[in-house]
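Listing of target_8.json, JSON, C-alpha atoms
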```
[["chain", "number", "residue", "atom", "x", "y", "z"],
["Z", 19, "MET", "CA", 112.44, 160.51, 59.72],
["Z", 20, "ARG", "CA", 114.77, 158.36, 61.79],
["Z", 21, "THR", "CA", 118.52, 157.88, 61.46],
["Z", 22, "VAL", "CA", 120.06, 154.43, 61.10],
["Z", 23, "ALA", "CA", 123.78, 153.73, 61.15],
["Z", 24, "GLU", "CA", 126.09, 150.77, 60.69],
["Z", 25, "LEU", "CA", 129.83, 150.28, 61.15],
["Z", 26, "TYR", "CA", 131.77, 148.25, 58.58],
["Z", 27, "ASP", "CA", 135.32, 146.97, 58.93],
["Z", 28, "ASN", "CA", 135.72, 146.83, 55.16],
["Z", 29, "TYR", "CA", 135.22, 149.97, 53.04],
["Z", 30, "TYR", "CA", 133.95, 147.92, 50.12],
["Z", 31, "ASP", "CA", 131.16, 146.51, 52.28],
["Z", 32, "ALA", "CA", 130.21, 150.07, 53.26],
["Z", 33, "LYS", "CA", 130.33, 151.14, 49.60],
["Z", 34, "ALA", "CA", 128.06, 148.23, 48.65],
["Z", 35, "ALA", "CA", 125.62, 149.25, 51.38],
["Z", 36, "VAL", "CA", 125.43, 152.81, 50.01],
["Z", 37, "GLN", "CA", 124.86, 151.56, 46.47],
["Z", 38, "ALA", "CA", 122.15, 149.15, 47.67],
["Z", 39, "LEU", "CA", 120.37, 151.95, 49.55],
["Z", 40, "GLU", "CA", 120.39, 154.13, 46.44],
["Z", 41, "SER", "CA", 119.14, 151.24, 44.30],
["Z", 42, "ALA", "CA", 116.29, 150.74, 46.77],
["Z", 43, "GLY", "CA", 115.20, 154.34, 46.27],
["Z", 44, "VAL", "CA", 116.73, 156.05, 49.30],
["Z", 45, "PRO", "CA", 117.67, 159.56, 48.12],
["Z", 46, "SER", "CA", 121.40, 160.18, 47.99],
["Z", 47, "ASP", "CA", 121.03, 163.34, 50.06],
["Z", 48, "GLN", "CA", 119.65, 161.22, 52.91],
["Z", 49, "ILE", "CA", 122.70, 158.90, 52.97],
["Z", 50, "SER", "CA", 126.21, 159.48, 54.26],
["Z", 51, "ILE", "CA", 129.45, 157.52, 54.31],
["Z", 52, "VAL", "CA", 132.60, 158.26, 56.30],
["Z", 53, "THR", "CA", 135.67, 156.03, 56.01],
["Z", 54, "ASN", "CA", 139.19, 156.20, 57.39],
["Z", 55, "LYS", "CA", 141.66, 157.55, 54.81],
["Z", 56, "GLU", "CA", 143.92, 154.56, 55.46],
["Z", 57, "ASN", "CA", 141.43, 152.46, 53.46],
["Z", 58, "GLY", "CA", 143.06, 153.92, 50.36],
["Z", 59, "VAL", "CA", 139.93, 155.42, 48.80],
["Z", 60, "ASP", "CA", 140.90, 157.63, 45.85],
["Z", 61, "VAL", "CA", 139.38, 161.12, 45.93],
["Z", 62, "GLU", "CA", 141.81, 162.79, 43.57],
["Z", 63, "GLY", "CA", 140.18, 165.79, 41.95],
["Z", 64, "GLN", "CA", 137.11, 165.62, 44.18],
["Z", 65, "GLY", "CA", 138.09, 168.34, 46.63],
["Z", 66, "SER", "CA", 138.17, 168.76, 50.37],
["Z", 67, "TYR", "CA", 135.37, 169.32, 52.86],
["Z", 68, "ALA", "CA", 137.67, 171.40, 55.03],
["Z", 69, "GLY", "CA", 137.70, 174.18, 52.47],
["Z", 70, "GLU", "CA", 135.19, 176.85, 51.56],
["Z", 71, "GLY", "CA", 131.73, 176.19, 52.96],
["Z", 72, "ALA", "CA", 132.91, 173.81, 55.68],
["Z", 73, "GLY", "CA", 131.82, 176.18, 58.40],
["Z", 74, "THR", "CA", 128.17, 175.51, 57.59],
["Z", 75, "GLY", "CA", 128.62, 172.21, 55.79],
["Z", 76, "ALA", "CA", 127.45, 173.83, 52.56],
["Z", 77, "GLY", "CA", 130.55, 172.72, 50.70],
["Z", 78, "VAL", "CA", 129.74, 169.08, 51.36],
["Z", 79, "GLY", "CA", 125.99, 169.03, 51.12],
["Z", 80, "ALA", "CA", 125.94, 170.91, 47.85],
["Z", 81, "VAL", "CA", 127.70, 168.11, 45.99],
["Z", 82, "ALA", "CA", 125.99, 165.15, 47.63],
["Z", 83, "GLY", "CA", 123.63, 163.15, 45.49],
["Z", 84, "GLY", "CA", 124.77, 164.29, 42.09],
["Z", 85, "ALA", "CA", 124.36, 162.42, 38.82],
["Z", 86, "GLY", "CA", 126.96, 159.86, 39.85],
["Z", 87, "GLY", "CA", 125.30, 159.13, 43.17],
["Z", 88, "LEU", "CA", 126.64, 159.79, 46.64],
["Z", 89, "LEU", "CA", 129.98, 158.08, 46.08],
["Z", 90, "ALA", "CA", 130.79, 160.51, 43.26],
["Z", 91, "SER", "CA", 130.97, 163.32, 45.84],
["Z", 92, "LEU", "CA", 133.60, 161.83, 48.15],
["Z", 93, "GLY", "CA", 136.04, 164.34, 49.61],
["Z", 94, "MET", "CA", 138.58, 164.73, 52.38],
["Z", 95, "LEU", "CA", 137.89, 165.83, 55.96],
["Z", 96, "ALA", "CA", 139.98, 165.85, 59.15],
["Z", 97, "ILE", "CA", 138.17, 164.68, 62.29],
["Z", 98, "PRO", "CA", 139.72, 165.22, 65.74],
["Z", 99, "GLY", "CA", 140.71, 161.88, 67.27],
["Z", 100, "VAL", "CA", 140.22, 160.05, 63.96],
["Z", 101, "GLY", "CA", 142.48, 161.90, 61.57],
["Z", 102, "ALA", "CA", 141.93, 162.07, 57.82],
["Z", 103, "VAL", "CA", 138.73, 160.56, 56.51],
["Z", 104, "VAL", "CA", 137.06, 160.29, 53.12],
["Z", 105, "ALA", "CA", 133.41, 161.23, 53.35],
["Z", 106, "ALA", "CA", 130.25, 162.24, 51.52],
["Z", 107, "GLY", "CA", 126.73, 163.21, 52.48],
["Z", 108, "TRP", "CA", 124.89, 164.95, 55.29],
["Z", 109, "LEU", "CA", 126.90, 163.49, 58.19],
["Z", 110, "ALA", "CA", 130.12, 164.67, 56.57],
["Z", 111, "ALA", "CA", 128.59, 168.13, 56.17],
["Z", 112, "THR", "CA", 127.47, 168.20, 59.80],
["Z", 113, "ALA", "CA", 130.86, 166.99, 61.04],
["Z", 114, "ALA", "CA", 132.64, 169.57, 58.87],
["Z", 115, "GLY", "CA", 130.51, 172.30, 60.39],
["Z", 116, "ALA", "CA", 131.20, 171.00, 63.90],
["Z", 117, "VAL", "CA", 134.95, 170.96, 63.29],
["Z", 118, "ALA", "CA", 134.91, 174.46, 61.82],
["Z", 119, "GLY", "CA", 132.76, 175.69, 64.70],
["Z", 120, "ALA", "CA", 135.15, 174.22, 67.24],
["Z", 121, "VAL", "CA", 138.10, 175.89, 65.55],
["Z", 122, "ALA", "CA", 136.22, 179.19, 65.58],
["Z", 123, "GLY", "CA", 135.40, 178.81, 69.26],
["Z", 124, "GLY", "CA", 131.82, 177.61, 68.76],
["Z", 125, "ALA", "CA", 130.12, 174.44, 69.92],
["Z", 126, "VAL", "CA", 132.34, 171.41, 70.29],
["Z", 127, "GLY", "CA", 131.07, 167.96, 69.43],
["Z", 128, "GLY", "CA", 132.90, 166.62, 66.40],
["Z", 129, "ILE", "CA", 131.78, 163.38, 64.79],
["Z", 130, "VAL", "CA", 130.12, 162.05, 67.96],
["Z", 131, "GLY", "CA", 128.13, 165.24, 68.43],
["Z", 132, "ALA", "CA", 127.09, 165.21, 64.77],
["Z", 133, "MET", "CA", 125.72, 161.67, 65.09],
["Z", 134, "VAL", "CA", 123.97, 162.35, 68.40],
["Z", 135, "ARG", "CA", 122.27, 165.44, 66.97],
["Z", 136, "ALA", "CA", 121.04, 163.25, 64.11],
["Z", 137, "GLY", "CA", 119.36, 160.90, 66.58],
["Z", 138, "ILE", "CA", 121.98, 158.18, 67.06],
["Z", 139, "PRO", "CA", 122.31, 157.12, 70.73],
["Z", 140, "GLU", "CA", 125.47, 158.53, 72.30],
["Z", 141, "ASP", "CA", 126.92, 155.15, 73.27],
["Z", 142, "GLU", "CA", 126.56, 153.95, 69.68],
["Z", 143, "ALA", "CA", 127.97, 157.21, 68.30],
["Z", 144, "ASN", "CA", 131.06, 156.78, 70.48],
["Z", 145, "LEU", "CA", 131.50, 153.23, 69.21],
["Z", 146, "TYR", "CA", 131.09, 154.25, 65.56],
["Z", 147, "ALA", "CA", 133.64, 157.04, 66.02],
["Z", 148, "GLU", "CA", 136.11, 154.64, 67.61],
["Z", 149, "GLY", "CA", 135.50, 152.22, 64.75],
["Z", 150, "LEU", "CA", 136.39, 154.99, 62.30],
["Z", 151, "ARG", "CA", 139.53, 155.74, 64.28],
["Z", 152, "ARG", "CA", 140.54, 152.09, 63.97],
["Z", 153, "GLY", "CA", 140.13, 152.02, 60.20],
["Z", 154, "GLY", "CA", 136.42, 151.36, 59.74],
["Z", 155, "SER", "CA", 133.62, 152.95, 57.74],
["Z", 156, "VAL", "CA", 130.26, 154.29, 58.92],
["Z", 157, "VAL", "CA", 127.15, 154.42, 56.75],
["Z", 158, "THR", "CA", 124.18, 156.47, 57.95],
["Z", 159, "ALA", "CA", 120.78, 157.14, 56.41],
["Z", 160, "LYS", "CA", 117.73, 159.22, 57.28],
["Z", 161, "ILE", "CA", 114.74, 156.97, 56.73],
["Z", 162, "GLU", "CA", 110.96, 157.21, 56.93],
["Z", 163, "ASP", "CA", 109.51, 155.00, 59.66],
["Z", 164, "GLY", "CA", 107.72, 152.75, 57.19],
["Z", 165, "LYS", "CA", 110.98, 151.80, 55.46],
["Z", 166, "MET", "CA", 113.05, 151.00, 58.54],
["Z", 167, "ALA", "CA", 112.76, 147.21, 58.28],
["Z", 168, "GLU", "CA", 113.70, 147.24, 54.59],
["Z", 169, "VAL", "CA", 116.70, 149.48, 55.19],
["Z", 170, "HIS", "CA", 117.97, 147.37, 58.10],
["Z", 171, "THR", "CA", 117.77, 144.31, 55.83],
["Z", 172, "ILE", "CA", 119.74, 146.12, 53.11],
["Z", 173, "LEU", "CA", 122.45, 147.27, 55.52],
["Z", 174, "ASP", "CA", 122.72, 143.81, 57.11],
["Z", 175, "ARG", "CA", 123.44, 142.21, 53.71],
["Z", 176, "SER", "CA", 126.76, 144.08, 53.56],
["Z", 177, "HIS", "CA", 128.14, 142.44, 56.72],
["Z", 178, "PRO", "CA", 128.17, 145.24, 59.32],
["Z", 179, "VAL", "CA", 130.00, 144.93, 62.62],
["Z", 180, "ASP", "CA", 128.07, 143.43, 65.54],
["Z", 181, "ILE", "CA", 128.30, 146.54, 67.73],
["Z", 182, "ASP", "CA", 127.60, 144.70, 70.99],
["Z", 183, "LEU", "CA", 130.43, 142.24, 70.38],
["Z", 184, "ARG", "CA", 132.74, 145.01, 69.21],
["Z", 185, "ARG", "CA", 131.96, 147.14, 72.27],
["Z", 186, "SER", "CA", 132.84, 144.18, 74.49],
["Z", 187, "SER", "CA", 136.08, 143.64, 72.59],
["Z", 188, "TYR", "CA", 137.05, 147.29, 72.88],
["Z", 189, "ALA", "CA", 136.19, 147.27, 76.59],
["Z", 190, "GLU", "CA", 138.49, 144.28, 77.11],
["Z", 191, "GLN", "CA", 141.27, 146.46, 75.69],
["Z", 192, "GLY", "CA", 140.48, 149.19, 78.24],
["Z", 193, "TRP", "CA", 138.33, 151.39, 75.99],
["Z", 194, "SER", "CA", 135.30, 153.21, 77.41],
["Z", 195, "GLN", "CA", 134.44, 155.98, 74.94],
["Z", 196, "PHE", "CA", 135.78, 157.87, 71.95],
["Z", 197, "ASP", "CA", 138.40, 160.48, 72.84],
["Z", 198, "GLU", "CA", 138.79, 163.44, 70.48],
["Z", 199, "GLU", "CA", 142.11, 164.24, 72.16],
["Z", 200, "ALA", "CA", 143.59, 160.82, 71.37],
["Z", 201, "ASP", "CA", 146.11, 160.40, 68.58],
["Z", 202, "PRO", "CA", 144.68, 158.96, 65.36],
["Z", 203, "TYR", "CA", 145.54, 155.31, 64.76],
["Z", 204, "THR", "CA", 148.64, 154.72, 62.67],
["Z", 205, "ARG", "CA", 148.52, 152.50, 59.61],
["Z", 206, "GLU", "CA", 150.30, 149.79, 61.59],
["Z", 207, "GLN", "CA", 147.73, 149.94, 64.39],
["Z", 208, "ILE", "CA", 144.90, 149.76, 61.87],
["Z", 209, "GLU", "CA", 146.45, 146.71, 60.27],
["Z", 210, "GLN", "CA", 146.74, 145.04, 63.67],
["Z", 211, "ASP", "CA", 143.06, 145.72, 64.31],
["Z", 212, "ARG", "CA", 142.17, 144.30, 60.87],
["Z", 213, "GLN", "CA", 143.99, 141.12, 61.77],
["Z", 214, "ARG", "CA", 142.27, 140.97, 65.15],
["Z", 215, "TYR", "CA", 138.85, 141.02, 63.52],
["Z", 216, "CYS", "CA", 139.82, 139.03, 60.42],
["Z", 217, "VAL", "CA", 138.75, 141.68, 57.92],
["Z", 218, "GLU", "CA", 138.96, 140.37, 54.37],
["Z", 219, "ARG", "CA", 140.10, 142.85, 51.76],
["Z", 220, "PRO", "CA", 139.03, 142.63, 48.11]]
```
Before we go any further, please render this structure as structure tokens.
Amino acid sequence: MRTVAELYDNYYDAKAAVQALESAGVPSDQISIVTNKENGVDVEGQGSYAGEGAGTGAGVGAVAGGAGGLLASLGMLAIPGVGAVVAAGWLAATAAGAVAGAVAGGAVGGIVGAMVRAGIPEDEANLYAEGLRRGGSVVTAKIEDGKMAEVHTILDRSHPVDIDLRRSSYAEQGWSQFDEEADPYTREQIEQDRQRYCVERP
């Protein structure tokens, strides 16, 4: 199994990517979505990943991939440097465990560490985390080698960010890597970034 990931500026593009992966037969428990809370995703009544079970990620993983698909299990999680996110799936579970472990004095790594441990290159993981901080959404999936080309095609249909161009743009603003100690972006800063990259909202 290999892990693929894409960053989306628009939550609804990320949501469409998740639904397309499920329609193509990728198991829900192999997919994850994490989106900045400022995208206005409604998770009322769906719980929080920071609660019971977060230390091991059991609270998140147990509800992923239910009858309503992955998106039916969305819940809240706080990520250092990003702030509040809405998430579902294995990456959310891993990140929840990393956050709980850090609070308890265990291994530190947060969202970047969770992605790196899943096989995502560290430079890309830093970029995806920064994209989340700036209001984006990250979709990840664990895929068998023989399905990689198909999955990349599916993810590309939902208009992901060109990470090389985005890295260059961030670097021009003085960015080098994701900083867990940085303050989360405010709603105003996120809106400015949306305007910078011309993100259309449904």
Inset, instruction - Can you pull out every residue within 12 Å of Met166 (chain Z), counting only C-alpha atoms, but drop anything in the same chain fewer than 2 positions away, and send it as a list of chain:residue names? - result: Z:Met19, Z:Arg20, Z:Thr21, Z:Val22, Z:Ala23, Z:Leu39, Z:Val44, Z:Ala159, Z:Lys160, Z:Ile161, Z:Glu162, Z:Asp163, Z:Gly164, Z:Glu168, Z:Val169, Z:His170, Z:Thr171, Z:Ile172, Z:Leu173
Legend entry - Interatomic distance, CA of Trp193 (chain Z) to CA of Thr158 (chain Z) (Å, one decimal):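 Those two atoms sit 23.5 Å apart.
In terms of minimum interatomic distance to Ala96 (chain Z), Z:Lys55 ranks closest within Z:Arg175, Z:Lys55, Z:Arg184, Z:Arg212, counting only C-alpha atoms.
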Centre and edge lengths, as AutoDock Vina command-line options, for the axis-aligned box enclosing every listed atom of region 102-108 of chain Z with 5 Å of padding on each of the six sides, in Å to one decimal?
```
--center_x 133.4 --center_y 162.6 --center_z 54.7 --size_x 27.0 --size_y 14.7 --size_z 16.3
```
Legend entry - Å distance separating CA of Val130 (chain Z) from CA of Ser91 (chain Z), one decimal place: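 Here the two named atoms are 22.2 Å from each other.
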Can you tell me which residues surround region 197-211 of chain Z at a distance of at most 12 Å, considering all atoms listed in the file, apart from same-chain residues fewer than 4 positions away, and format the answer as a PDB file with C-alpha atoms, keeping the file's coordinate frame?
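Final output, saved to part-v2.pdb:
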```pdb
ATOM      1  CA  ASP Z  27     135.320 146.970  58.930  1.00  0.00           C
ATOM      2  CA  ASN Z  28     135.720 146.830  55.160  1.00  0.00           C
ATOM      3  CA  ASN Z  54     139.190 156.200  57.390  1.00  0.00           C
ATOM      4  CA  LYS Z  55     141.660 157.550  54.810  1.00  0.00           C
ATOM      5  CA  GLU Z  56     143.920 154.560  55.460  1.00  0.00           C
ATOM      6  CA  ASN Z  57     141.430 152.460  53.460  1.00  0.00           C
ATOM      7  CA  GLY Z  58     143.060 153.920  50.360  1.00  0.00           C
ATOM      8  CA  ALA Z  96     139.980 165.850  59.150  1.00  0.00           C
ATOM      9  CA  ILE Z  97     138.170 164.680  62.290  1.00  0.00           C
ATOM     10  CA  PRO Z  98     139.720 165.220  65.740  1.00  0.00           C
ATOM     11  CA  GLY Z  99     140.710 161.880  67.270  1.00  0.00           C
ATOM     12  CA  VAL Z 100     140.220 160.050  63.960  1.00  0.00           C
ATOM     13  CA  GLY Z 101     142.480 161.900  61.570  1.00  0.00           C
ATOM     14  CA  ALA Z 102     141.930 162.070  57.820  1.00  0.00           C
ATOM     15  CA  VAL Z 103     138.730 160.560  56.510  1.00  0.00           C
ATOM     16  CA  VAL Z 117     134.950 170.960  63.290  1.00  0.00           C
ATOM     17  CA  ALA Z 120     135.150 174.220  67.240  1.00  0.00           C
ATOM     18  CA  VAL Z 126     132.340 171.410  70.290  1.00  0.00           C
ATOM     19  CA  GLY Z 127     131.070 167.960  69.430  1.00  0.00           C
ATOM     20  CA  GLY Z 128     132.900 166.620  66.400  1.00  0.00           C
ATOM     21  CA  ILE Z 129     131.780 163.380  64.790  1.00  0.00           C
ATOM     22  CA  VAL Z 130     130.120 162.050  67.960  1.00  0.00           C
ATOM     23  CA  GLY Z 131     128.130 165.240  68.430  1.00  0.00           C
ATOM     24  CA  ALA Z 143     127.970 157.210  68.300  1.00  0.00           C
ATOM     25  CA  ASN Z 144     131.060 156.780  70.480  1.00  0.00           C
ATOM     26  CA  LEU Z 145     131.500 153.230  69.210  1.00  0.00           C
ATOM     27  CA  ALA Z 147     133.640 157.040  66.020  1.00  0.00           C
ATOM     28  CA  GLU Z 148     136.110 154.640  67.610  1.00  0.00           C
ATOM     29  CA  GLY Z 149     135.500 152.220  64.750  1.00  0.00           C
ATOM     30  CA  LEU Z 150     136.390 154.990  62.300  1.00  0.00           C
ATOM     31  CA  ARG Z 151     139.530 155.740  64.280  1.00  0.00           C
ATOM     32  CA  ARG Z 152     140.540 152.090  63.970  1.00  0.00           C
ATOM     33  CA  GLY Z 153     140.130 152.020  60.200  1.00  0.00           C
ATOM     34  CA  GLY Z 154     136.420 151.360  59.740  1.00  0.00           C
ATOM     35  CA  ARG Z 184     132.740 145.010  69.210  1.00  0.00           C
ATOM     36  CA  SER Z 187     136.080 143.640  72.590  1.00  0.00           C
ATOM     37  CA  TYR Z 188     137.050 147.290  72.880  1.00  0.00           C
ATOM     38  CA  GLN Z 191     141.270 146.460  75.690  1.00  0.00           C
ATOM     39  CA  TRP Z 193     138.330 151.390  75.990  1.00  0.00           C
ATOM     40  CA  TYR Z 215     138.850 141.020  63.520  1.00  0.00           C
ATOM     41  CA  CYS Z 216     139.820 139.030  60.420  1.00  0.00           C
ATOM     42  CA  VAL Z 217     138.750 141.680  57.920  1.00  0.00           C
ATOM     43  CA  GLU Z 218     138.960 140.370  54.370  1.00  0.00           C
ATOM     44  CA  ARG Z 219     140.100 142.850  51.760  1.00  0.00           C
TER      45      ARG Z 219
END
```
Inset, instruction - Please indicate the distance in Å from CA of Asp47 (chain Z) to CA of Leu88 (chain Z), rounded to one decimal place. - result: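 Between CA of Asp47 (chain Z) and CA of Leu88 (chain Z) the gap is 7.5 Å.
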Inset, instruction - Would you mind listing what lies within 7 Å of Pro178 (chain Z) as a ChimeraX atom specification, with only C-alpha atoms counted and same-chain residues fewer than 5 positions away left out? - result: /Z:24-26
Legend entry - Nearest-residue call for Leu109 (chain Z), choices Z:Tyr30, Z:His177, Z:Leu95, Z:Gly192, using all atoms listed in the file: Z:Leu95
Legend entry - Pick from Z:Asp182, Z:Asp31, Z:Asp174, Z:Glu140 nearest to Phe196 (chain Z), counting only C-alpha atoms: Z:Glu140
Inset, instruction - List every protein, DNA or RNA residue that has at least one atom no more than 7 Å from (127.7, 159.2, 53.2) in the file's coordinates, counting only C-alpha atoms, and write the result as a list in words. - result: Ile49, Ser50, Ile51, Val52, Leu88, Ala105, Ala106, Gly107, Trp108, Leu109, Ala110, Val157 and Thr158 of chain Z
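Minimum distance to Val104 (chain Z) across Z:Ala34, Z:Ile138, Z:Ile181, Z:Val59 (counting all atoms listed in the file) occurs at Z:Val59.
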Legend entry - Selected residue, from Z:Thr53, Z:Gln213, Z:Ser176, Z:Gln48, that lies nearest to Tyr146 (chain Z) when counting all atoms listed in the file: Z:Thr53
